Amino acid sequence: MIVQPSSPHHALLSICLLAAYADGTKSSEEREEIRRIAADLGSEDFAPLSRQILLGKVTLASATAALESAEHRLLAYEMALGLCEAGGEVTPAESAFLDQLSALLQLETSAATQTRQQVESIALAPVQAVPSSIASPPDLPSTQVDNSPSILKYAILNGALELLPETLATVAIIPLQMKMVYGIGKSHNVELDRGHLKEFLATAGIGLGSQVVEGFARKLIGRFARQAAGSLAGKIANQATGSAFSFATTYALGHLADHYYAGGRRLDTAALRTKFTQLQEGAQSLYTKHLPEIRERARTLNPSSILALARGTG
């Protein structure tokens, strides 16, 4: 039996999950990661929705039917675009999904076009263009390069992005992580393309779709929890939790890449994941120390500056 989400909140979360699964090629590991996120967020809604979608009880048509306002319909499209383009490319299955979603949402052409252009300008920005606010590593021999200051700047930036309400802020996190790893590789005389960057993130255990799902879900749950004055049960994961996660993930990823490329790429998958987990756990204790800088960085960000950072001009 097909189930229609009972509220815009449920419908938006459903569309997030449907978009995450749209390409049909998610590994069992990433599907498990998304189920873990659903459980860890603690919302009374997200985990059951995840199960219903995997069982085929909630469809794209039933989810979009629960969205009546133009604001929510455009937000649904923006989130779906962000998820489908998380890796910097859209598969034919994801393209078909987005076309179907756009038709069901009956969006105004101009609004849909503007939203797509904004998301694509972030998700598809060249990884080689390092933001001007984050200095590129100096032209030194690989053994003399210290990437630590740049890694910390990226971690603070991504932690700040998760403090913002805009979905575009969450969309920007993975492209910025890719730029960071690209710059680190280059500092060790290793040229990387987007395919290699995606592979490195996946090898470290970072699911592109699951990371974006988590960011969007935190924002949605937090937004509707505030609107409902606390009526949502469970341990609502707020923006600060998402900020700490993005800071720690980015910090750990940067130092993992530095260690990996400086050492001649000799670590296997198991060793990379063990190292990443250790670095991530250590980075969590640094979040509080750098929280004032993260909050100050968030105050400097807006949709225009997020676009500039993604393009490498910010």
# chains A, B, ... in the order shown; residues from 1 in each chain; ligands from 1

call {"tool": "residues_around", "arguments": {"residues": "Val213 in chain A", "least_positions_apart": "2", "cutoff": "8 Å", "atoms": "only C-alpha atoms", "output": "PyMOL selection string"}}
result
chain A and resi 16-17+20+34+83+209-211+215-217

call {"tool": "write_last_selection", "arguments": {"atoms": "C-alpha atoms", "output": "short mmCIF file (atom, residue, chain, number, x, y, z; two decimals), in the first residue's frame"}}
result
data_model
loop_
_atom_site.label_atom_id
_atom_site.label_comp_id
_atom_site.auth_asym_id
_atom_site.auth_seq_id
_atom_site.Cartn_x
_atom_site.Cartn_y
_atom_site.Cartn_z
CA CYS A 16 15.86 13.50 0.43
CA LEU A 17 15.98 9.73 0.78
CA ALA A 20 19.83 9.55 -2.33
CA ILE A 34 21.97 6.21 5.53
CA LEU A 83 21.99 14.95 -3.51
CA GLY A 209 25.21 10.86 -0.66
CA SER A 210 25.01 9.91 3.00
CA GLN A 211 27.02 12.99 4.06
CA GLY A 215 23.29 17.64 6.52
CA PHE A 216 19.89 18.16 4.91
CA ALA A 217 18.10 16.01 7.48
#

call {"tool": "residues_around", "arguments": {"residues": "Pro175 in chain A", "least_positions_apart": "3", "cutoff": "9 Å", "atoms": "only C-alpha atoms", "output": "VMD selection string"}}
result
chain A and resid 86 to 88 122 to 127 171 to 172 178 to 180 310

call {"tool": "residues_around", "arguments": {"residues": "Tyr287 in chain A", "least_positions_apart": "2", "cutoff": "9 Å", "atoms": "only C-alpha atoms", "output": "ChimeraX atom specification"}}
result
/A:156,159,243-245,247-248,283-285,289-291,294

call {"tool": "write_last_selection", "arguments": {"atoms": "C-alpha atoms", "output": "short mmCIF file (atom, residue, chain, number, x, y, z; two decimals), in the first residue's frame"}}
result
data_model
loop_
_atom_site.label_atom_id
_atom_site.label_comp_id
_atom_site.auth_asym_id
_atom_site.auth_seq_id
_atom_site.Cartn_x
_atom_site.Cartn_y
_atom_site.Cartn_z
CA ILE A 156 36.61 25.71 10.16
CA GLY A 159 32.01 23.63 10.29
CA SER A 243 28.86 21.61 12.47
CA ALA A 244 31.02 19.48 14.78
CA PHE A 245 30.64 16.50 12.45
CA PHE A 247 34.58 20.07 11.13
CA ALA A 248 35.89 16.70 12.37
CA ALA A 283 39.39 16.11 15.72
CA GLN A 284 36.16 16.05 17.73
CA SER A 285 37.99 17.36 20.77
CA LYS A 289 38.61 24.94 20.89
CA HIS A 290 37.92 26.37 17.45
CA LEU A 291 34.19 27.06 17.93
CA ILE A 294 33.79 28.71 13.35
#

call {"tool": "select_by_dssp", "arguments": {"residues": "range 88-274 of chain A", "states": "alpha helix (DSSP H)", "output": "PyMOL selection string"}}
result
chain A and resi 92-105+109-123+148-161+167-171+173-187+194-204+208-227+239-262+269-274
